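Next comes run_8.pdb, a file with PDB, C-alpha atoms.
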```
ATOM      1  CA  MET W  22     -44.226  37.090  42.424
ATOM      2  CA  PRO W  23     -43.687  38.550  45.915
ATOM      3  CA  THR W  24     -41.796  35.514  47.253
ATOM      4  CA  LEU W  25     -39.235  35.584  44.438
ATOM      5  CA  GLN W  26     -38.824  39.346  44.870
ATOM      6  CA  ALA W  27     -38.180  38.855  48.573
ATOM      7  CA  TRP W  28     -35.712  36.053  47.839
ATOM      8  CA  GLY W  29     -33.841  38.216  45.331
ATOM      9  CA  ARG W  30     -33.520  41.085  47.804
ATOM     10  CA  ASP W  31     -32.520  38.792  50.681
ATOM     11  CA  LEU W  32     -30.001  36.919  48.550
ATOM     12  CA  ALA W  33     -28.404  40.144  47.323
ATOM     13  CA  ALA W  34     -27.970  41.366  50.893
ATOM     14  CA  ALA W  35     -26.675  38.012  52.150
ATOM     15  CA  LEU W  36     -24.164  37.385  49.362
ATOM     16  CA  SER W  37     -22.984  41.001  49.338
ATOM     17  CA  GLY W  38     -22.255  40.556  53.041
ATOM     18  CA  GLY W  39     -20.029  37.518  52.441
ATOM     19  CA  ALA W  40     -22.571  34.687  52.769
ATOM     20  CA  ARG W  41     -22.884  32.025  50.099
ATOM     21  CA  LEU W  42     -25.618  30.231  48.194
ATOM     22  CA  LEU W  43     -25.811  26.437  48.090
ATOM     23  CA  THR W  44     -28.153  24.735  45.614
ATOM     24  CA  ALA W  45     -29.296  21.153  45.110
ATOM     25  CA  GLY W  46     -31.751  19.015  43.187
ATOM     26  CA  ASN W  47     -32.004  15.655  41.438
ATOM     27  CA  GLY W  48     -32.021  15.034  37.684
ATOM     28  CA  GLY W  49     -33.441  17.981  35.754
ATOM     29  CA  SER W  50     -33.786  19.868  39.018
ATOM     30  CA  ALA W  51     -30.049  19.404  39.595
ATOM     31  CA  ALA W  52     -29.480  21.105  36.248
ATOM     32  CA  GLU W  53     -31.687  24.027  37.322
ATOM     33  CA  ALA W  54     -29.869  24.241  40.660
ATOM     34  CA  GLN W  55     -26.554  24.357  38.814
ATOM     35  CA  HIS W  56     -27.987  26.988  36.469
ATOM     36  CA  LEU W  57     -28.871  29.245  39.415
ATOM     37  CA  SER W  58     -25.430  28.903  40.991
ATOM     38  CA  SER W  59     -23.636  29.552  37.722
ATOM     39  CA  GLU W  60     -25.630  32.753  37.081
ATOM     40  CA  LEU W  61     -24.363  34.196  40.373
ATOM     41  CA  VAL W  62     -20.750  33.088  40.025
ATOM     42  CA  GLY W  63     -20.663  34.221  36.411
ATOM     43  CA  ARG W  64     -23.170  36.805  35.313
ATOM     44  CA  PHE W  65     -26.834  36.913  34.444
ATOM     45  CA  ARG W  66     -27.182  39.985  32.228
ATOM     46  CA  GLY W  67     -24.539  42.612  32.826
ATOM     47  CA  ASP W  68     -21.143  42.602  34.443
ATOM     48  CA  ARG W  69     -21.035  42.681  38.221
ATOM     49  CA  PRO W  70     -18.844  41.087  40.893
ATOM     50  CA  ALA W  71     -18.866  37.307  41.217
ATOM     51  CA  TYR W  72     -20.825  35.938  44.164
ATOM     52  CA  ALA W  73     -20.264  32.767  46.157
ATOM     53  CA  ALA W  74     -22.624  30.036  44.944
ATOM     54  CA  LEU W  75     -22.109  26.284  44.872
ATOM     55  CA  ALA W  76     -24.243  23.573  43.251
ATOM     56  CA  LEU W  77     -23.937  20.444  45.398
ATOM     57  CA  SER W  78     -24.523  17.985  42.541
ATOM     58  CA  THR W  79     -21.524  19.027  40.451
ATOM     59  CA  ASP W  80     -18.616  17.265  42.188
ATOM     60  CA  PRO W  81     -18.732  13.623  41.013
ATOM     61  CA  SER W  82     -16.081  12.492  43.492
ATOM     62  CA  ALA W  83     -18.000  13.924  46.455
ATOM     63  CA  VAL W  84     -21.372  12.689  45.179
ATOM     64  CA  THR W  85     -20.158   9.139  44.567
ATOM     65  CA  ALA W  86     -18.043   8.887  47.725
ATOM     66  CA  ILE W  87     -20.813  10.190  49.988
ATOM     67  CA  SER W  88     -23.409   7.990  48.281
ATOM     68  CA  ASN W  89     -21.166   4.951  48.644
ATOM     69  CA  ASP W  90     -20.139   5.589  52.237
ATOM     70  CA  TYR W  91     -23.320   7.092  53.718
ATOM     71  CA  GLY W  92     -26.133   6.341  51.255
ATOM     72  CA  TYR W  93     -27.716   8.567  48.630
ATOM     73  CA  GLU W  94     -30.045  10.091  51.224
ATOM     74  CA  GLU W  95     -27.004  11.875  52.720
ATOM     75  CA  VAL W  96     -25.431  13.096  49.459
ATOM     76  CA  PHE W  97     -26.470  16.736  49.969
ATOM     77  CA  ALA W  98     -26.693  16.807  53.774
ATOM     78  CA  ARG W  99     -23.046  15.845  54.134
ATOM     79  CA  GLN W 100     -22.008  18.666  51.781
ATOM     80  CA  VAL W 101     -24.253  21.143  53.588
ATOM     81  CA  GLU W 102     -22.529  20.125  56.834
ATOM     82  CA  ALA W 103     -19.180  20.857  55.214
ATOM     83  CA  HIS W 104     -20.009  24.146  53.487
ATOM     84  CA  ALA W 105     -22.973  25.900  55.138
ATOM     85  CA  ARG W 106     -22.462  28.627  57.714
ATOM     86  CA  PRO W 107     -24.910  30.864  59.585
ATOM     87  CA  GLY W 108     -26.394  33.370  57.155
ATOM     88  CA  ASP W 109     -25.914  31.195  54.072
ATOM     89  CA  VAL W 110     -28.893  30.237  51.898
ATOM     90  CA  LEU W 111     -29.729  26.740  50.636
ATOM     91  CA  VAL W 112     -32.074  26.615  47.620
ATOM     92  CA  LEU W 113     -33.555  23.202  46.811
ATOM     93  CA  LEU W 114     -35.361  22.386  43.573
ATOM     94  CA  THR W 115     -37.663  19.415  43.070
ATOM     95  CA  THR W 116     -40.753  18.457  41.111
ATOM     96  CA  SER W 117     -42.054  16.104  43.819
ATOM     97  CA  GLY W 118     -41.095  17.813  47.077
ATOM     98  CA  ARG W 119     -40.505  14.386  48.584
ATOM     99  CA  SER W 120     -36.854  13.498  47.864
ATOM    100  CA  PRO W 121     -35.247  12.118  51.041
ATOM    101  CA  ASN W 122     -31.826  13.578  50.157
ATOM    102  CA  LEU W 123     -33.297  17.099  49.934
ATOM    103  CA  LEU W 124     -35.190  16.690  53.199
ATOM    104  CA  ARG W 125     -31.954  15.599  54.903
ATOM    105  CA  ALA W 126     -30.203  18.643  53.414
ATOM    106  CA  VAL W 127     -32.795  20.904  55.083
ATOM    107  CA  GLU W 128     -32.076  19.267  58.448
ATOM    108  CA  ALA W 129     -28.334  19.811  57.975
ATOM    109  CA  ALA W 130     -28.888  23.434  56.947
ATOM    110  CA  ARG W 131     -30.974  24.053  60.056
ATOM    111  CA  ARG W 132     -28.141  22.702  62.243
ATOM    112  CA  SER W 133     -25.672  24.930  60.358
ATOM    113  CA  GLY W 134     -27.750  28.107  60.729
ATOM    114  CA  ALA W 135     -28.425  28.452  56.984
ATOM    115  CA  ARG W 136     -31.806  29.537  55.634
ATOM    116  CA  THR W 137     -33.701  27.153  53.351
ATOM    117  CA  TRP W 138     -35.839  27.949  50.304
ATOM    118  CA  ALA W 139     -37.557  25.470  47.994
ATOM    119  CA  LEU W 140     -38.887  25.526  44.454
ATOM    120  CA  THR W 141     -41.211  22.515  44.232
ATOM    121  CA  GLY W 142     -44.031  20.947  42.314
ATOM    122  CA  PRO W 143     -47.585  20.869  43.679
ATOM    123  CA  GLY W 144     -47.886  21.707  47.359
ATOM    124  CA  PRO W 145     -48.199  21.253  50.122
ATOM    125  CA  ASN W 146     -45.425  18.677  50.210
ATOM    126  CA  PRO W 147     -42.824  17.589  52.786
ATOM    127  CA  LEU W 148     -40.055  19.841  51.440
ATOM    128  CA  SER W 149     -42.171  22.988  51.249
ATOM    129  CA  ALA W 150     -43.279  22.331  54.837
ATOM    130  CA  ALA W 151     -39.696  21.785  56.031
ATOM    131  CA  CYS W 152     -38.170  24.902  54.431
ATOM    132  CA  ASP W 153     -38.253  28.490  55.674
ATOM    133  CA  SER W 154     -39.928  29.581  52.423
ATOM    134  CA  ALA W 155     -41.213  27.827  49.305
ATOM    135  CA  VAL W 156     -42.715  28.434  45.892
ATOM    136  CA  CYS W 157     -44.912  25.511  44.789
ATOM    137  CA  VAL W 158     -45.908  25.100  41.134
ATOM    138  CA  ASP W 159     -49.166  23.235  40.551
ATOM    139  CA  ALA W 160     -48.380  21.500  37.264
ATOM    140  CA  PRO W 161     -47.088  18.183  35.851
ATOM    141  CA  ALA W 162     -43.352  17.563  36.369
ATOM    142  CA  PRO W 163     -42.119  18.772  32.933
ATOM    143  CA  HIS W 164     -44.016  22.041  33.318
ATOM    144  CA  VAL W 165     -42.793  22.409  36.892
ATOM    145  CA  GLN W 166     -39.234  22.363  35.567
ATOM    146  CA  GLU W 167     -40.115  24.954  32.942
ATOM    147  CA  ALA W 168     -41.614  27.156  35.645
ATOM    148  CA  HIS W 169     -38.513  26.666  37.786
ATOM    149  CA  LEU W 170     -36.342  27.998  34.967
ATOM    150  CA  THR W 171     -38.545  31.089  34.822
ATOM    151  CA  ALA W 172     -38.327  31.395  38.614
ATOM    152  CA  VAL W 173     -34.514  31.125  38.519
ATOM    153  CA  HIS W 174     -34.355  33.916  35.938
ATOM    154  CA  ALA W 175     -36.794  36.063  37.915
ATOM    155  CA  LEU W 176     -34.694  35.567  41.060
ATOM    156  CA  CYS W 177     -31.530  36.541  39.177
ATOM    157  CA  THR W 178     -33.257  39.612  37.703
ATOM    158  CA  VAL W 179     -34.237  40.849  41.171
ATOM    159  CA  PHE W 180     -30.799  39.948  42.570
ATOM    160  CA  ASP W 181     -28.951  41.950  39.899
ATOM    161  CA  ALA W 182     -31.336  44.917  40.196
ATOM    162  CA  GLU W 183     -30.952  44.977  43.969
ATOM    163  CA  VAL W 184     -27.161  44.803  43.803
ATOM    164  CA  ALA W 185     -27.082  47.635  41.255
ATOM    165  CA  ALA W 186     -29.687  49.858  42.951
ATOM    166  CA  SER W 187     -28.327  49.463  46.445
ATOM    167  CA  ALA W 188     -24.705  49.731  45.369
ATOM    168  CA  LEU W 189     -24.141  47.003  47.923
ATOM    169  CA  PRO W 190     -20.485  46.481  48.713
ATOM    170  CA  HIS W 191     -19.194  43.053  47.895
ATOM    171  CA  SER W 192     -17.358  41.459  50.787
ATOM    172  CA  ALA W 193     -14.636  39.085  49.814
ATOM    173  CA  PRO W 194     -14.204  36.049  52.035
ATOM    174  CA  ASP W 195     -11.765  36.503  54.880
ATOM    175  CA  THR W 196      -8.212  36.292  53.612
ATOM    176  CA  VAL W 197      -6.082  33.426  54.735
ATOM    177  CA  PRO W 198      -2.775  34.537  56.166
ATOM    178  CA  VAL W 199       0.199  33.274  54.238
ATOM    179  CA  ALA W 200       2.891  31.643  56.306
ATOM    180  CA  ALA W 201       6.362  33.128  56.243
ATOM    181  CA  PRO W 202       8.704  31.324  53.858
ATOM    182  CA  VAL W 203      10.659  28.489  55.371
ATOM    183  CA  PRO W 204      14.385  29.216  55.220
ATOM    184  CA  VAL W 205      16.230  26.968  52.825
ATOM    185  CA  ARG W 206      19.427  25.459  54.146
ATOM    186  CA  ALA W 207      22.075  24.089  51.886
ATOM    187  CA  HIS W 208      23.693  20.776  52.586
ATOM    188  CA  PRO W 209      27.467  20.780  52.377
ATOM    189  CA  GLY W 210      28.475  21.081  48.763
ATOM    190  CA  GLU W 211      25.032  22.308  47.561
ATOM    191  CA  ARG W 212      24.274  25.751  46.316
ATOM    192  CA  VAL W 213      21.045  27.483  47.416
ATOM    193  CA  PRO W 214      19.247  29.118  44.476
ATOM    194  CA  SER W 215      18.819  32.836  44.933
TER     195      SER W 215
END
```

Same coordinates, now as structure tokens:
Amino acid sequence: MPTLQAWGRDLAAALSGGARLLTAGNGGSAAEAQHLSSELVGRFRGDRPAYAALALSTDPSAVTAISNDYGYEEVFARQVEAHARPGDVLVLLTTSGRSPNLLRAVEAARRSGARTWALTGPGPNPLSAACDSAVCVDAPAPHVQEAHLTAVHALCTVFDAEVAASALPHSAPDTVPVAAPVPVRAHPGERVPS
């Protein structure tokens, strides 16, 4: 599918340049979002460098705290605000295309300068309209999720092929300077370990 091919090429270029992927979904779609992120951090088929990818449903403390303090509609938007930077990519998965928390995440991504892609059920739907690009699957919800798994694997196949063919350099995140050690002073009668 041309859209998934374009996503794979764009994602390879973005992540090789130091950007990161954020993913989100609810229920079974959260599992697929996590699957996509884990394929890029780990590996899909063969060995290659690890790439920055984060599934926003996987931190129970963040999910429950944000839901409690701001409401479940903000559970992904708040994390996008924290993590997304210009050039990053947010991939949202949903069978309905109508989840308020995913729509809010798109708004937050737009403010952050991140691109937004959606894998949804039948379109058009609010999420596919809100995102920069979308693939809509016209099928009942269980089959939409099956198609999303195939789409995730197709995206990873193109990603890996593009990384290998282009021999794209992998940029590590900027290093954080380490502060100079603080001198240790002994109190009278104490010995400073060497």

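If only C-alpha atoms are the atoms counted, then among W:Arg106, W:Arg99, W:Arg136, W:Arg66 the closest residue to Asn122 of chain W is W:Arg99.
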
Notebook entry, point to check: Exactly which residues make up the result of the PyMOL selection byres ((chain W and resi 144) around 10) on this file, given as a ChimeraX atom specification?
Noted result: /W:117-118,141-143,145-150,155-159

Go ahead and save the residues from that selection, with C-alpha atoms, as an mmCIF file, in the frame of the given file.
```cif
data_model
loop_
_atom_site.group_PDB
_atom_site.id
_atom_site.type_symbol
_atom_site.label_atom_id
_atom_site.label_comp_id
_atom_site.auth_asym_id
_atom_site.auth_seq_id
_atom_site.Cartn_x
_atom_site.Cartn_y
_atom_site.Cartn_z
ATOM 1 C CA SER W 117 -42.054 16.104 43.819
ATOM 2 C CA GLY W 118 -41.095 17.813 47.077
ATOM 3 C CA THR W 141 -41.211 22.515 44.232
ATOM 4 C CA GLY W 142 -44.031 20.947 42.314
ATOM 5 C CA PRO W 143 -47.585 20.869 43.679
ATOM 6 C CA PRO W 145 -48.199 21.253 50.122
ATOM 7 C CA ASN W 146 -45.425 18.677 50.210
ATOM 8 C CA PRO W 147 -42.824 17.589 52.786
ATOM 9 C CA LEU W 148 -40.055 19.841 51.440
ATOM 10 C CA SER W 149 -42.171 22.988 51.249
ATOM 11 C CA ALA W 150 -43.279 22.331 54.837
ATOM 12 C CA ALA W 155 -41.213 27.827 49.305
ATOM 13 C CA VAL W 156 -42.715 28.434 45.892
ATOM 14 C CA CYS W 157 -44.912 25.511 44.789
ATOM 15 C CA VAL W 158 -45.908 25.100 41.134
ATOM 16 C CA ASP W 159 -49.166 23.235 40.551
#
```

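Here atom CA of Ala45 of chain W is placed at a distance of 11.7 Å from atom CA of Asp80 of chain W.
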
Notebook entry, point to check: So, counting all atoms listed in the file, which residue among W:Gly46, W:Pro163, W:Gly39, W:Pro23 is closest to Val112 of chain W?
Noted result: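 Nearest to Val112 of chain W: W:Gly46.
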
Notebook entry, point to check: Between atom CA of Gly134 of chain W and atom CA of Gln100 of chain W, what is the spacing in Å?
Noted result: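 Separating atom CA of Gln100 of chain W from atom CA of Gly134 of chain W is a distance of 14.2 Å.
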
Note to self: Applying 9 Å and all atoms listed in the file, which residues near Thr137 of chain W remain after dropping the ones on its own chain fewer than 5 positions away? List them as a PyMOL selection string.
What the structure shows: chain W and resi 109-113+127+130-131+151-155

Margin query: Suppose a student applies the PyMOL selection byres ((chain W and resi 108) around 6) to this structure; what residues should they get, written as a list in words?
Written below: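 This file, filtered by the PyMOL selection byres ((chain W and resi 108) around 6), leaves Ala40, Pro107, Asp109 and Ala135 of chain W.
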
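With atom CA of Ser58 of chain W on one side and atom CA of Leu114 of chain W on the other, the separation reads 12.2 Å.
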
Checklist line | For Ala182 of chain W: contacts at 12 Å, only C-alpha atoms, fewer than 4 positions along chain excluded, given as JSON, numbers by chain | finding: {"W": [26, 29, 30, 32, 33, 34, 65, 66, 67, 68, 69, 175, 176, 177, 178, 186, 187, 188, 189]}

Notebook entry, point to check: At a cut-off of 6 Å from (-22.7, 34.3, 45.8) in the coordinates of the file, what residues are picked up using only C-alpha atoms, written as a ChimeraX atom specification?
Noted result: /W:36,41-42,61,72-74

Margin query: I'd like to know which of W:Asn47, W:Ala185, W:Glu95, W:Ala35 is closest to Arg119 of chain W, using only C-alpha atoms.
Written below: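 Under the stated criterion, the closest residue is W:Asn47.
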
Item checked: Selected residue of minimal separation from Ser37 of chain W among W:Thr171, W:Met22, W:Pro70, W:Ala51, counting all atoms listed in the file ->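 Comparing W:Thr171, W:Met22, W:Pro70, W:Ala51 against Ser37 of chain W, the winner is W:Pro70.
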
Could you work out an axis-aligned bounding box for all listed atoms of segment 87-93 of chain W, with 8 Å added on each of the six sides, and give its centre and edge lengths in Å to one decimal, as JSON?
```
{"center_x": -23.9, "center_y": 7.6, "center_z": 51.0, "size_x": 23.6, "size_y": 21.2, "size_z": 21.4}
```

Residue members of the PyMOL selection byres ((chain W and resi 125) around 8) in the file shown, as a PDB file with C-alpha atoms, keeping the file's coordinate frame:
```
ATOM      1  CA  GLU W  94     -30.045  10.091  51.224  1.00  0.00           C
ATOM      2  CA  GLU W  95     -27.004  11.875  52.720  1.00  0.00           C
ATOM      3  CA  PHE W  97     -26.470  16.736  49.969  1.00  0.00           C
ATOM      4  CA  ALA W  98     -26.693  16.807  53.774  1.00  0.00           C
ATOM      5  CA  PRO W 121     -35.247  12.118  51.041  1.00  0.00           C
ATOM      6  CA  ASN W 122     -31.826  13.578  50.157  1.00  0.00           C
ATOM      7  CA  LEU W 123     -33.297  17.099  49.934  1.00  0.00           C
ATOM      8  CA  LEU W 124     -35.190  16.690  53.199  1.00  0.00           C
ATOM      9  CA  ALA W 126     -30.203  18.643  53.414  1.00  0.00           C
ATOM     10  CA  VAL W 127     -32.795  20.904  55.083  1.00  0.00           C
ATOM     11  CA  GLU W 128     -32.076  19.267  58.448  1.00  0.00           C
ATOM     12  CA  ALA W 129     -28.334  19.811  57.975  1.00  0.00           C
TER      13      ALA W 129
END
```
